[in-house]
file run-v5.cif (mmCIF, C-alpha atoms and all ligand atoms)
data_target
loop_
_atom_site.label_atom_id
_atom_site.label_comp_id
_atom_site.auth_asym_id
_atom_site.auth_seq_id
_atom_site.Cartn_x
_atom_site.Cartn_y
_atom_site.Cartn_z
CA MET A 1 133.56 74.25 76.71
CA ILE A 2 134.45 76.07 79.94
CA LEU A 3 132.23 78.73 81.51
CA SER A 4 133.78 82.10 82.41
CA LYS A 5 133.19 84.55 85.26
CA LEU A 6 131.08 86.60 82.84
CA ASP A 7 128.91 83.52 82.28
CA ALA A 8 128.55 83.15 86.05
CA ALA A 9 127.41 86.78 86.25
CA LYS A 10 124.96 86.37 83.37
CA TYR A 11 123.64 83.00 84.53
CA PRO A 12 123.41 82.86 88.35
CA PHE A 13 121.95 79.34 88.23
CA THR A 14 125.26 77.76 87.13
CA SER A 15 127.47 75.71 89.40
CA LEU A 16 130.32 78.14 88.62
CA ALA A 17 128.30 81.06 90.01
CA ALA A 18 127.66 79.10 93.22
CA LYS A 19 131.39 78.33 93.54
CA ILE A 20 132.37 81.97 93.04
CA VAL A 21 129.83 83.11 95.64
CA GLU A 22 131.19 80.61 98.15
CA LYS A 23 134.80 81.64 97.51
CA LEU A 24 134.09 85.39 97.71
CA GLU A 25 132.00 85.04 100.87
CA THR A 26 134.91 83.29 102.54
CA GLU A 27 137.46 85.82 101.29
CA LEU A 28 135.50 89.00 101.99
CA GLY A 29 133.46 87.96 105.02
CA VAL A 30 129.72 88.53 105.52
CA ASP A 31 130.21 91.70 107.59
CA SER A 32 132.13 93.39 104.79
CA ILE A 33 129.57 92.36 102.14
CA LEU A 34 126.71 93.70 104.25
CA SER A 35 128.40 96.90 105.44
CA PRO A 36 126.60 100.17 104.55
CA ASN A 37 129.29 101.14 102.01
CA SER A 38 129.42 97.75 100.37
CA GLU A 39 129.31 97.81 96.57
CA VAL A 40 127.59 94.40 96.64
CA LEU A 41 124.80 95.80 98.81
CA ARG A 42 124.43 98.84 96.54
CA ARG A 43 124.23 96.64 93.45
CA SER A 44 121.74 94.24 95.09
CA ILE A 45 119.38 97.12 95.85
CA GLU A 46 119.85 98.46 92.32
CA ARG A 47 118.99 95.03 90.92
CA ILE A 48 115.69 95.02 92.82
CA ARG A 49 114.98 98.57 91.67
CA GLU A 50 115.60 97.60 88.06
CA ALA A 51 113.11 94.78 88.49
CA ILE A 52 110.33 96.92 89.90
CA TYR A 53 110.80 99.90 87.60
CA SER A 54 111.79 98.21 84.36
CA GLY A 55 110.80 94.56 84.47
CA VAL A 56 114.29 93.39 83.58
CA THR A 57 117.58 93.41 85.47
CA SER A 58 120.88 94.33 83.89
CA ILE A 59 124.44 93.02 84.29
CA TYR A 60 126.90 95.16 86.20
CA MET A 61 129.92 94.79 83.95
CA LYS A 62 132.22 97.07 85.95
CA ASP A 63 132.86 94.42 88.59
CA LEU A 64 131.81 90.84 87.90
CA ASP A 65 132.58 89.69 91.46
CA VAL A 66 130.10 92.28 92.72
CA GLU A 67 127.55 91.16 90.15
CA VAL A 68 127.86 87.48 91.04
CA LEU A 69 127.62 88.20 94.77
CA SER A 70 124.65 90.53 94.32
CA HIS A 71 122.46 87.62 93.21
CA PRO A 72 122.13 85.84 96.60
CA LEU A 73 121.99 89.15 98.45
CA SER A 74 119.16 90.41 96.22
CA LEU A 75 117.21 87.24 96.99
CA PHE A 76 117.84 87.78 100.67
CA LEU A 77 116.56 91.38 100.43
CA VAL A 78 113.50 90.28 98.45
CA LYS A 79 112.70 87.85 101.25
CA ALA A 80 113.28 90.46 103.94
CA VAL A 81 111.14 93.13 102.26
CA ASN A 82 108.29 90.64 102.48
CA ASN A 83 106.03 92.26 99.90
CA PRO A 84 103.74 89.64 98.35
CA LYS A 85 104.16 91.06 94.82
CA LEU A 86 107.89 91.69 94.90
CA LEU A 87 109.00 88.08 94.65
CA ASN A 88 107.03 87.51 91.43
CA VAL A 89 108.13 90.80 89.91
CA TYR A 90 111.77 90.14 90.79
CA ALA A 91 111.74 86.56 89.50
CA GLU A 92 110.10 87.71 86.26
CA ALA A 93 112.71 90.46 85.75
CA GLU A 94 115.57 87.99 86.31
CA LYS A 95 113.93 85.57 83.89
CA ASN A 96 113.83 88.34 81.27
CA ARG A 97 117.49 89.13 81.84
CA VAL A 98 118.52 85.51 81.36
CA PHE A 99 116.44 85.21 78.21
CA VAL A 100 117.84 88.33 76.50
CA ASN A 101 121.38 87.09 77.15
CA ILE A 102 121.05 83.38 76.51
CA ILE A 103 119.26 83.79 73.20
CA ASN A 104 122.50 85.18 71.76
CA GLU A 105 124.61 82.19 72.81
CA ASP A 106 125.72 79.31 70.65
CA VAL A 107 123.36 76.33 70.89
CA ASN A 108 126.03 74.03 72.38
CA LYS A 109 126.66 76.55 75.14
CA ILE A 110 122.93 76.82 75.82
CA ALA A 111 122.79 73.04 76.17
CA LEU A 112 125.74 73.16 78.55
CA LEU A 113 124.04 75.85 80.68
CA ALA A 114 120.86 73.76 80.84
CA ASN A 115 122.75 70.62 81.81
CA ASP A 116 124.91 72.40 84.37
CA GLY A 117 122.26 74.66 85.91
CA PHE A 118 119.23 72.38 85.98
CA ASN A 119 120.65 68.93 85.45
CA TRP A 120 118.71 68.63 82.21
CA HIS A 121 119.47 66.22 79.43
CA VAL A 122 119.71 68.27 76.26
CA LYS A 123 120.84 66.66 73.04
CA VAL A 124 122.00 68.64 70.04
CA GLU A 125 121.99 66.55 66.87
CA LYS A 126 122.96 68.40 63.72
CA GLU A 127 120.35 71.16 63.42
CA ARG A 128 117.94 69.59 65.91
CA ILE A 129 117.63 70.09 69.69
CA PHE A 130 115.95 67.70 72.16
CA LEU A 131 115.07 67.92 75.84
CA ARG A 132 114.16 64.87 77.90
CA PHE A 133 110.40 64.43 78.11
CA ASP A 134 110.02 64.58 81.93
CA GLU A 135 112.23 67.67 82.19
CA TYR A 136 110.28 69.42 79.44
CA LEU A 137 107.02 68.58 81.18
CA LYS A 138 108.16 69.81 84.59
CA VAL A 139 109.23 73.25 83.39
CA SER A 140 106.54 73.86 80.76
CA VAL A 141 103.69 73.12 83.15
CA ASN A 142 103.43 76.82 84.08
CA MET A 143 103.49 78.01 80.50
CA MET A 144 99.85 78.45 79.63
CA ASP A 145 100.09 78.99 75.89
CA SER A 146 98.96 75.96 73.88
CA TYR A 147 102.26 76.22 72.01
CA TRP A 148 103.89 74.44 74.94
CA LYS A 149 101.36 71.63 75.25
CA LEU A 150 102.91 68.22 74.73
CA VAL A 151 100.28 67.28 72.13
CA ASN A 152 101.71 69.99 69.90
CA ARG A 153 105.27 68.66 70.19
CA LYS A 154 107.32 66.09 68.36
CA LEU A 155 108.41 63.25 70.66
CA GLU A 156 111.28 60.90 69.84
CA GLU A 157 112.47 58.16 72.15
CA GLY A 158 111.55 59.98 75.34
CA TYR A 159 112.84 63.35 74.13
CA VAL A 160 110.86 66.44 73.04
CA GLU A 161 112.14 68.40 70.07
CA VAL A 162 112.53 72.12 70.77
CA THR A 163 113.88 75.11 68.89
CA LYS A 164 116.80 77.16 70.17
CA ARG A 165 114.37 79.88 71.21
CA ASP A 166 112.16 77.33 73.02
CA LEU A 167 115.12 76.02 74.96
CA CYS A 168 116.10 79.56 75.99
CA ARG A 169 112.53 80.26 77.12
CA LEU A 170 112.46 77.02 79.10
CA ILE A 171 115.80 77.77 80.81
CA ALA A 172 114.66 81.30 81.70
CA GLU A 173 111.40 79.87 83.07
CA ALA A 174 113.25 77.25 85.10
CA TYR A 175 115.43 80.02 86.55
CA ARG A 176 112.32 82.03 87.47
CA GLY A 177 110.92 78.99 89.27
CA LYS A 178 114.20 78.41 91.06
CA ILE A 179 114.26 81.98 92.40
CA ILE A 180 110.74 81.60 93.78
CA GLU A 181 111.62 78.27 95.36
CA VAL A 182 114.85 79.55 96.95
CA VAL A 183 113.21 82.65 98.40
CA MET A 184 110.18 80.75 99.69
CA ARG A 185 112.35 78.14 101.35
CA SER A 186 114.93 80.49 102.86
CA LYS A 187 114.66 81.48 106.49
CA GLU A 188 114.56 85.17 107.37
CA ASN A 189 117.65 85.92 109.35
CA ILE A 190 118.05 89.67 109.10
CA HIS A 191 121.49 91.06 109.75
CA GLY A 192 121.08 93.95 112.25
CA GLY A 193 122.98 96.39 110.03
CA LEU A 194 120.47 95.93 107.23
CA ASN A 195 117.36 97.07 109.09
CA ALA A 196 117.45 100.64 107.75
CA VAL A 197 118.13 99.48 104.18
CA ILE A 198 115.26 96.99 104.29
CA GLU A 199 112.88 99.58 105.73
CA GLU A 200 113.78 102.09 103.02
CA LEU A 201 113.47 99.50 100.26
CA SER A 202 110.14 98.27 101.64
CA LYS A 203 108.75 101.80 101.46
CA GLU A 204 109.86 102.19 97.86
CA VAL A 205 108.50 98.79 96.82
CA LYS A 206 105.19 99.51 98.52
CA ALA A 207 104.90 102.77 96.58
CA ILE A 208 105.23 100.95 93.25
CA LEU A 209 103.68 97.54 93.93
CA PRO A 210 101.14 96.15 93.67
CA PRO A 211 100.69 97.52 90.20
CA THR A 212 97.06 98.56 90.07
CA LYS A 213 95.28 98.17 86.79
CA ILE A 214 94.24 101.44 85.22
CA GLN A 215 90.59 102.11 85.90
CA GLU A 216 88.47 102.92 82.90
CA SER A 217 87.61 106.33 84.36
CA VAL A 218 91.24 107.43 84.24
CA ALA A 219 92.24 105.71 81.00
CA LEU A 220 91.68 108.91 79.12
CA ASN A 221 93.24 108.28 75.74
CA GLU A 222 93.39 111.99 75.07
CA TYR A 223 96.60 113.95 75.05
CA ASN A 224 96.31 117.65 75.84
CA PRO A 225 99.55 119.29 77.09
CA SER A 226 97.57 122.16 78.64
CA ALA A 227 96.00 119.71 81.11
CA LEU A 228 99.26 118.21 82.39
CA PRO A 229 99.86 118.55 86.14
CA PRO A 230 102.84 120.57 87.46
CA CYS A 231 104.80 117.44 88.51
CA ILE A 232 104.67 115.96 84.99
CA LEU A 233 105.47 119.30 83.33
CA LYS A 234 108.53 119.66 85.55
CA LEU A 235 109.75 116.14 84.82
CA MET A 236 109.26 116.67 81.09
CA SER A 237 111.25 119.86 81.19
CA GLU A 238 114.05 118.19 83.19
CA ALA A 239 114.15 115.30 80.72
CA ASP A 240 114.33 117.82 77.90
CA GLU A 241 117.31 119.50 79.59
CA GLY A 242 119.04 116.12 79.68
CA LYS A 243 119.05 115.78 83.48
CA ASN A 244 119.79 112.36 84.89
CA LEU A 245 116.35 111.61 86.33
CA PRO A 246 116.08 109.06 89.18
CA HIS A 247 114.17 105.78 88.70
CA MET A 248 110.98 107.07 90.32
CA ALA A 249 110.91 110.18 88.13
CA ARG A 250 111.29 108.10 84.95
CA PHE A 251 108.67 105.62 86.13
CA THR A 252 106.22 108.45 86.92
CA LEU A 253 106.70 110.12 83.58
CA ALA A 254 106.37 106.90 81.60
CA THR A 255 103.34 105.54 83.46
CA PHE A 256 101.56 108.89 83.34
CA LEU A 257 102.01 109.45 79.61
CA ILE A 258 101.09 105.87 78.76
CA SER A 259 98.01 106.12 81.00
CA ILE A 260 96.70 109.11 79.07
CA GLY A 261 96.98 107.30 75.78
CA LYS A 262 100.55 107.81 74.53
CA ARG A 263 102.14 104.80 72.88
CA PRO A 264 105.57 103.58 74.09
CA GLU A 265 106.98 104.51 70.65
CA GLU A 266 105.87 108.12 71.29
CA VAL A 267 106.92 108.30 74.95
CA ILE A 268 110.46 107.22 74.06
CA ASP A 269 111.15 110.66 72.55
CA ILE A 270 110.81 112.27 76.00
CA PHE A 271 113.76 110.20 77.23
CA ARG A 272 116.10 110.76 74.28
CA ARG A 273 118.13 113.51 75.92
CA LEU A 274 118.79 111.57 79.13
CA PRO A 275 122.53 110.93 79.54
CA ASP A 276 122.19 107.13 79.65
CA PHE A 277 119.56 106.86 76.91
CA ASP A 278 119.49 103.53 75.07
CA GLU A 279 116.79 103.18 72.42
CA ASN A 280 116.24 99.41 72.74
CA LYS A 281 116.32 99.26 76.53
CA THR A 282 114.05 102.28 76.93
CA LEU A 283 111.51 100.92 74.48
CA TYR A 284 111.58 97.56 76.25
CA HIS A 285 110.91 99.23 79.63
CA LEU A 286 108.12 101.37 78.19
CA ARG A 287 106.45 98.37 76.58
CA HIS A 288 106.69 96.53 79.89
CA ILE A 289 105.08 99.44 81.74
CA ALA A 290 102.36 99.59 79.08
CA GLY A 291 101.59 95.91 79.71
CA GLU A 292 102.54 94.89 76.17
CA ILE A 293 105.23 92.45 77.30
CA GLY A 294 106.36 90.66 80.48
CA SER A 295 103.74 90.37 83.20
CA ARG A 296 101.15 92.07 80.90
CA THR A 297 100.16 94.40 83.72
CA LYS A 298 99.68 98.03 82.85
CA TYR A 299 101.32 100.09 85.56
CA MET A 300 99.68 103.11 87.08
CA PRO A 301 101.54 106.31 87.99
CA PRO A 302 102.20 106.88 91.71
CA SER A 303 99.82 108.96 93.79
CA CYS A 304 100.51 112.55 94.87
CA ALA A 305 101.37 111.30 98.38
CA THR A 306 104.04 108.99 96.97
CA LEU A 307 105.42 111.69 94.71
CA ARG A 308 105.70 114.02 97.70
CA THR A 309 107.67 111.34 99.58
CA PHE A 310 110.11 111.19 96.67
CA ASN A 311 110.31 115.00 96.37
CA LEU A 312 108.70 114.89 92.96
CA CYS A 313 105.75 117.15 93.73
CA PRO A 314 106.99 120.64 92.83
CA SER A 315 104.06 122.69 94.07
CA SER A 316 100.38 122.70 94.44
CA ASP A 317 98.20 124.87 92.28
CA GLU A 318 94.49 125.22 92.91
CA ILE A 319 93.62 121.94 91.24
CA CYS A 320 96.32 120.10 93.19
CA LEU A 321 94.49 121.01 96.38
CA LYS A 322 91.38 119.17 95.18
CA ILE A 323 92.94 115.90 93.99
CA ARG A 324 95.13 113.05 95.24
CA HIS A 325 96.44 111.64 92.00
CA PRO A 326 98.13 113.23 88.96
CA LEU A 327 95.67 111.43 86.66
CA SER A 328 92.77 112.98 88.57
CA TYR A 329 94.42 116.36 88.03
CA TYR A 330 94.59 115.70 84.28
CA ASN A 331 91.01 114.45 84.16
CA TYR A 332 89.73 117.46 86.09
CA LYS A 333 91.65 119.98 84.01
CA LEU A 334 90.58 118.38 80.74
CA ARG A 335 86.95 118.85 81.78
CA LEU A 336 87.64 122.50 82.64
CA LEU A 337 89.33 123.12 79.29
CA ARG A 338 86.46 121.50 77.41
CA LYS A 339 83.96 123.84 79.09
CA LYS A 340 85.86 126.95 77.96
S1 LIG A 401 99.82 117.68 94.00
FE1 LIG A 401 99.87 115.82 92.75
S2 LIG A 401 99.29 116.48 90.71
FE2 LIG A 401 99.86 118.32 91.84
S3 LIG A 401 102.02 118.64 91.35
FE3 LIG A 401 101.93 117.47 93.25
S4 LIG A 401 102.03 115.34 92.61
FE4 LIG A 401 101.51 116.53 90.81
#
call {"tool": "encode", "arguments": {"input": "run-v5.cif", "output": "structure tokens", "more": "lines below"}}
Ligand code: SF4
result
Amino acid sequence: MILSKLDAAKYPFTSLAAKIVEKLETELGVDSILSPNSEVLRRSIERIREAIYSGVTSIYMKDLDVEVLSHPLSLFLVKAVNNPKLLNVYAEAEKNRVFVNIINEDVNKIALLANDGFNWHVKVEKERIFLRFDEYLKVSVNMMDSYWKLVNRKLEEGYVEVTKRDLCRLIAEAYRGKIIEVVMRSKENIHGGLNAVIEELSKEVKAILPPTKIQESVALNEYNPSALPPCILKLMSEADEGKNLPHMARFTLATFLISIGKRPEEVIDIFRRLPDFDENKTLYHLRHIAGEIGSRTKYMPPSCATLRTFNLCPSSDEICLKIRHPLSYYNYKLRLLRKK
């Protein structure tokens, strides 16, 4: 079985992906890849944004060369941004991307990817799959669930029996670990032309991360449209008109509505009219934001100051002058409405 360029784009840990990167870097030259108008640079930034806003990165199918090259550049940018939370969030999002793709592959191809990418010894015998004991142990050590404990596994002649899904999870986890290792080990050597990009990206990442857990006092679990702040009302109306809302606007809307007690399955309806709406992807992102999947962290909406920076604060009514967070606005107005 031979891997294709699409495989290299989907699975950046393969030797083919490394070869393509090397070839393209030589052909295009570093200056061209890092130039302000570079498609690779644009896609690398987008990949990081997907990670921080959605918890999973996508595959840029329009140009697979760009996609393959965006992997090392994204890692370089993650290093340069130097935000303690970003590396974990990025690695987790890439892990999710690998898992959702690899789970649909044929088992022999999955074994090939494991052998090629991580030098593992995977055996497929009829309906059964085995991974060498020491390799299983090394990658599963960070998986806390007792499901992964060796005592709960069948061992045969130095090999651990795994299901197809297990093997996919283990590969995705190994990829996550590899990203962390590569970024930690790499030396910061910032290309002068990237300073502005890194500064801009750092600001955006700082506005979203670290994800702060919702405090009990603002976890209201009561939905009253009359108490919604102007920024959220405006975003809801724009979503209803089918406008193509930027990442930050979608993130704000989703985190706000989930914070006041809406379920992801309810919030999804707000996004239905968006031009790029995809039911499965949107629900996945909403469930990630709600802390139901992925890092299990419930994300909080950005503060008023952040929303102003992103031009998402339409105006200030009287309540806006008293508060610094859209959830505080909602809380305050709910109390006022209850008194009436
Ligand atoms: S001041 Fe805050 S709550 Fe009011 S509209 Fe602006 S961002 Fe929203």
call {"tool": "atom_distance", "arguments": {"input": "run-v5.cif", "atom1": "CA of His325 (chain A)", "atom2": "atom S4 of ligand LIG 401 (chain A)"}}
result
6.7 Å
call {"tool": "residues_around", "arguments": {"input": "run-v5.cif", "residues": "Lys95 (chain A)", "least_positions_apart": "6", "cutoff": "12 Å", "atoms": "only C-alpha atoms", "output": "ChimeraX atom specification"}}
result
/A:10-13,51,55-58,88-89,101-102,168-180,294-295
call {"tool": "atom_distance", "arguments": {"input": "run-v5.cif", "atom1": "CA of Phe277 (chain A)", "atom2": "CA of Met236 (chain A)"}}
result
14.8 Å
call {"tool": "closest_residue", "arguments": {"input": "run-v5.cif", "among": "A:Asn119, A:Asn280, A:Thr297, A:Thr252", "to": "ligand LIG 401 (chain A)", "atoms": "all atoms listed in the file"}}
result
A:Thr252
call {"tool": "residues_near_ligand", "arguments": {"input": "run-v5.cif", "ligand": "ligand LIG 401 (chain A)", "cutoff": "7 Å", "atoms": "only C-alpha atoms and all ligand atoms", "output": "MDAnalysis selection string"}}
result
chainID A and resid 229:232 303:304 307:308 312:317 320:321 324:326 329
call {"tool": "closest_residue", "arguments": {"input": "run-v5.cif", "among": "A:Ile319, A:Ala290, A:Ala305, A:Ile45", "to": "Lys262 (chain A)", "atoms": "only C-alpha atoms"}}
result
A:Ala290
call {"tool": "residues_around", "arguments": {"input": "run-v5.cif", "residues": "region 132-140 of chain A", "least_positions_apart": "2", "cutoff": "10 Å", "atoms": "only C-alpha atoms", "output": "count of residues only"}}
result
31
call {"tool": "closest_residue", "arguments": {"input": "run-v5.cif", "among": "A:Tyr53, A:Tyr330, A:Phe256, A:Tyr90", "to": "Leu228 (chain A)", "atoms": "all atoms listed in the file"}}
result
A:Tyr330
call {"tool": "axis_aligned_box", "arguments": {"input": "run-v5.cif", "around": "region 124-130 of chain A", "padding_each_side": "8 Å", "output": "JSON"}}
result
{"center_x": 119.5, "center_y": 68.9, "center_z": 67.8, "size_x": 23.0, "size_y": 20.6, "size_z": 24.7}
call {"tool": "residues_around", "arguments": {"input": "run-v5.cif", "residues": "Arg287 (chain A)", "least_positions_apart": "6", "cutoff": "9 Å", "atoms": "only C-alpha atoms", "output": "NGL selection string"}}
result
:A and (263-265 or 293-294)
call {"tool": "write_last_selection", "arguments": {"input": "run-v5.cif", "atoms": "C-alpha atoms", "output": "PDB file, in the coordinates of the input"}}
result
ATOM      1  CA  ARG A 263     102.140 104.800  72.880  1.00  0.00           C
ATOM      2  CA  PRO A 264     105.570 103.580  74.090  1.00  0.00           C
ATOM      3  CA  GLU A 265     106.980 104.510  70.650  1.00  0.00           C
ATOM      4  CA  ILE A 293     105.230  92.450  77.300  1.00  0.00           C
ATOM      5  CA  GLY A 294     106.360  90.660  80.480  1.00  0.00           C
TER       6      GLY A 294
END
call {"tool": "atom_distance", "arguments": {"input": "run-v5.cif", "atom1": "CA of Thr282 (chain A)", "atom2": "CA of Ile268 (chain A)"}}
result
6.7 Å
call {"tool": "residues_around", "arguments": {"input": "run-v5.cif", "residues": "region 46-50 of chain A", "least_positions_apart": "3", "cutoff": "9 Å", "atoms": "all atoms listed in the file", "output": "PDB file with C-alpha atoms, keeping the file's coordinate frame"}}
result
ATOM      1  CA  LEU A  41     124.800  95.800  98.810  1.00  0.00           C
ATOM      2  CA  ARG A  42     124.430  98.840  96.540  1.00  0.00           C
ATOM      3  CA  ARG A  43     124.230  96.640  93.450  1.00  0.00           C
ATOM      4  CA  TYR A  53     110.800  99.900  87.600  1.00  0.00           C
ATOM      5  CA  SER A  54     111.790  98.210  84.360  1.00  0.00           C
ATOM      6  CA  GLY A  55     110.800  94.560  84.470  1.00  0.00           C
ATOM      7  CA  VAL A  56     114.290  93.390  83.580  1.00  0.00           C
ATOM      8  CA  THR A  57     117.580  93.410  85.470  1.00  0.00           C
ATOM      9  CA  SER A  58     120.880  94.330  83.890  1.00  0.00           C
ATOM     10  CA  ILE A  59     124.440  93.020  84.290  1.00  0.00           C
ATOM     11  CA  SER A  70     124.650  90.530  94.320  1.00  0.00           C
ATOM     12  CA  HIS A  71     122.460  87.620  93.210  1.00  0.00           C
ATOM     13  CA  SER A  74     119.160  90.410  96.220  1.00  0.00           C
ATOM     14  CA  LEU A  75     117.210  87.240  96.990  1.00  0.00           C
ATOM     15  CA  LEU A  77     116.560  91.380 100.430  1.00  0.00           C
ATOM     16  CA  VAL A  78     113.500  90.280  98.450  1.00  0.00           C
ATOM     17  CA  LEU A  86     107.890  91.690  94.900  1.00  0.00           C
ATOM     18  CA  TYR A  90     111.770  90.140  90.790  1.00  0.00           C
ATOM     19  CA  ALA A  93     112.710  90.460  85.750  1.00  0.00           C
ATOM     20  CA  LEU A 201     113.470  99.500 100.260  1.00  0.00           C
ATOM     21  CA  GLU A 204     109.860 102.190  97.860  1.00  0.00           C
ATOM     22  CA  VAL A 205     108.500  98.790  96.820  1.00  0.00           C
ATOM     23  CA  HIS A 247     114.170 105.780  88.700  1.00  0.00           C
TER      24      HIS A 247
END
call {"tool": "residues_around", "arguments": {"input": "run-v5.cif", "residues": "region 28-34 of chain A", "least_positions_apart": "5", "cutoff": "12 Å", "atoms": "all atoms listed in the file", "output": "PDB file with C-alpha atoms, in the coordinates of the input"}}
result
ATOM      1  CA  ILE A  20     132.370  81.970  93.040  1.00  0.00           C
ATOM      2  CA  VAL A  21     129.830  83.110  95.640  1.00  0.00           C
ATOM      3  CA  GLU A  22     131.190  80.610  98.150  1.00  0.00           C
ATOM      4  CA  LYS A  23     134.800  81.640  97.510  1.00  0.00           C
ATOM      5  CA  GLU A  39     129.310  97.810  96.570  1.00  0.00           C
ATOM      6  CA  VAL A  40     127.590  94.400  96.640  1.00  0.00           C
ATOM      7  CA  LEU A  41     124.800  95.800  98.810  1.00  0.00           C
ATOM      8  CA  ARG A  42     124.430  98.840  96.540  1.00  0.00           C
ATOM      9  CA  ARG A  43     124.230  96.640  93.450  1.00  0.00           C
ATOM     10  CA  SER A  44     121.740  94.240  95.090  1.00  0.00           C
ATOM     11  CA  ILE A  45     119.380  97.120  95.850  1.00  0.00           C
ATOM     12  CA  ASP A  65     132.580  89.690  91.460  1.00  0.00           C
ATOM     13  CA  VAL A  66     130.100  92.280  92.720  1.00  0.00           C
ATOM     14  CA  LEU A  69     127.620  88.200  94.770  1.00  0.00           C
ATOM     15  CA  SER A  70     124.650  90.530  94.320  1.00  0.00           C
ATOM     16  CA  PRO A  72     122.130  85.840  96.600  1.00  0.00           C
ATOM     17  CA  LEU A  73     121.990  89.150  98.450  1.00  0.00           C
ATOM     18  CA  SER A  74     119.160  90.410  96.220  1.00  0.00           C
ATOM     19  CA  PHE A  76     117.840  87.780 100.670  1.00  0.00           C
ATOM     20  CA  LEU A  77     116.560  91.380 100.430  1.00  0.00           C
ATOM     21  CA  ILE A 190     118.050  89.670 109.100  1.00  0.00           C
ATOM     22  CA  HIS A 191     121.490  91.060 109.750  1.00  0.00           C
ATOM     23  CA  GLY A 192     121.080  93.950 112.250  1.00  0.00           C
ATOM     24  CA  GLY A 193     122.980  96.390 110.030  1.00  0.00           C
ATOM     25  CA  LEU A 194     120.470  95.930 107.230  1.00  0.00           C
ATOM     26  CA  ASN A 195     117.360  97.070 109.090  1.00  0.00           C
ATOM     27  CA  VAL A 197     118.130  99.480 104.180  1.00  0.00           C
ATOM     28  CA  ILE A 198     115.260  96.990 104.290  1.00  0.00           C
TER      29      ILE A 198
END
call {"tool": "closest_residue", "arguments": {"input": "run-v5.cif", "among": "A:Ala207, A:Met1, A:Leu24, A:Leu64", "to": "Phe251 (chain A)", "atoms": "only C-alpha atoms"}}
result
A:Ala207
call {"tool": "closest_residue", "arguments": {"input": "run-v5.cif", "among": "A:Lys79, A:Glu127, A:Val151, A:Val267", "to": "Arg185 (chain A)", "atoms": "all atoms listed in the file"}}
result
A:Lys79
call {"tool": "closest_residue", "arguments": {"input": "run-v5.cif", "among": "A:Arg97, A:Arg165, A:Val107, A:Lys234", "to": "Tyr284 (chain A)", "atoms": "only C-alpha atoms"}}
result
A:Arg97
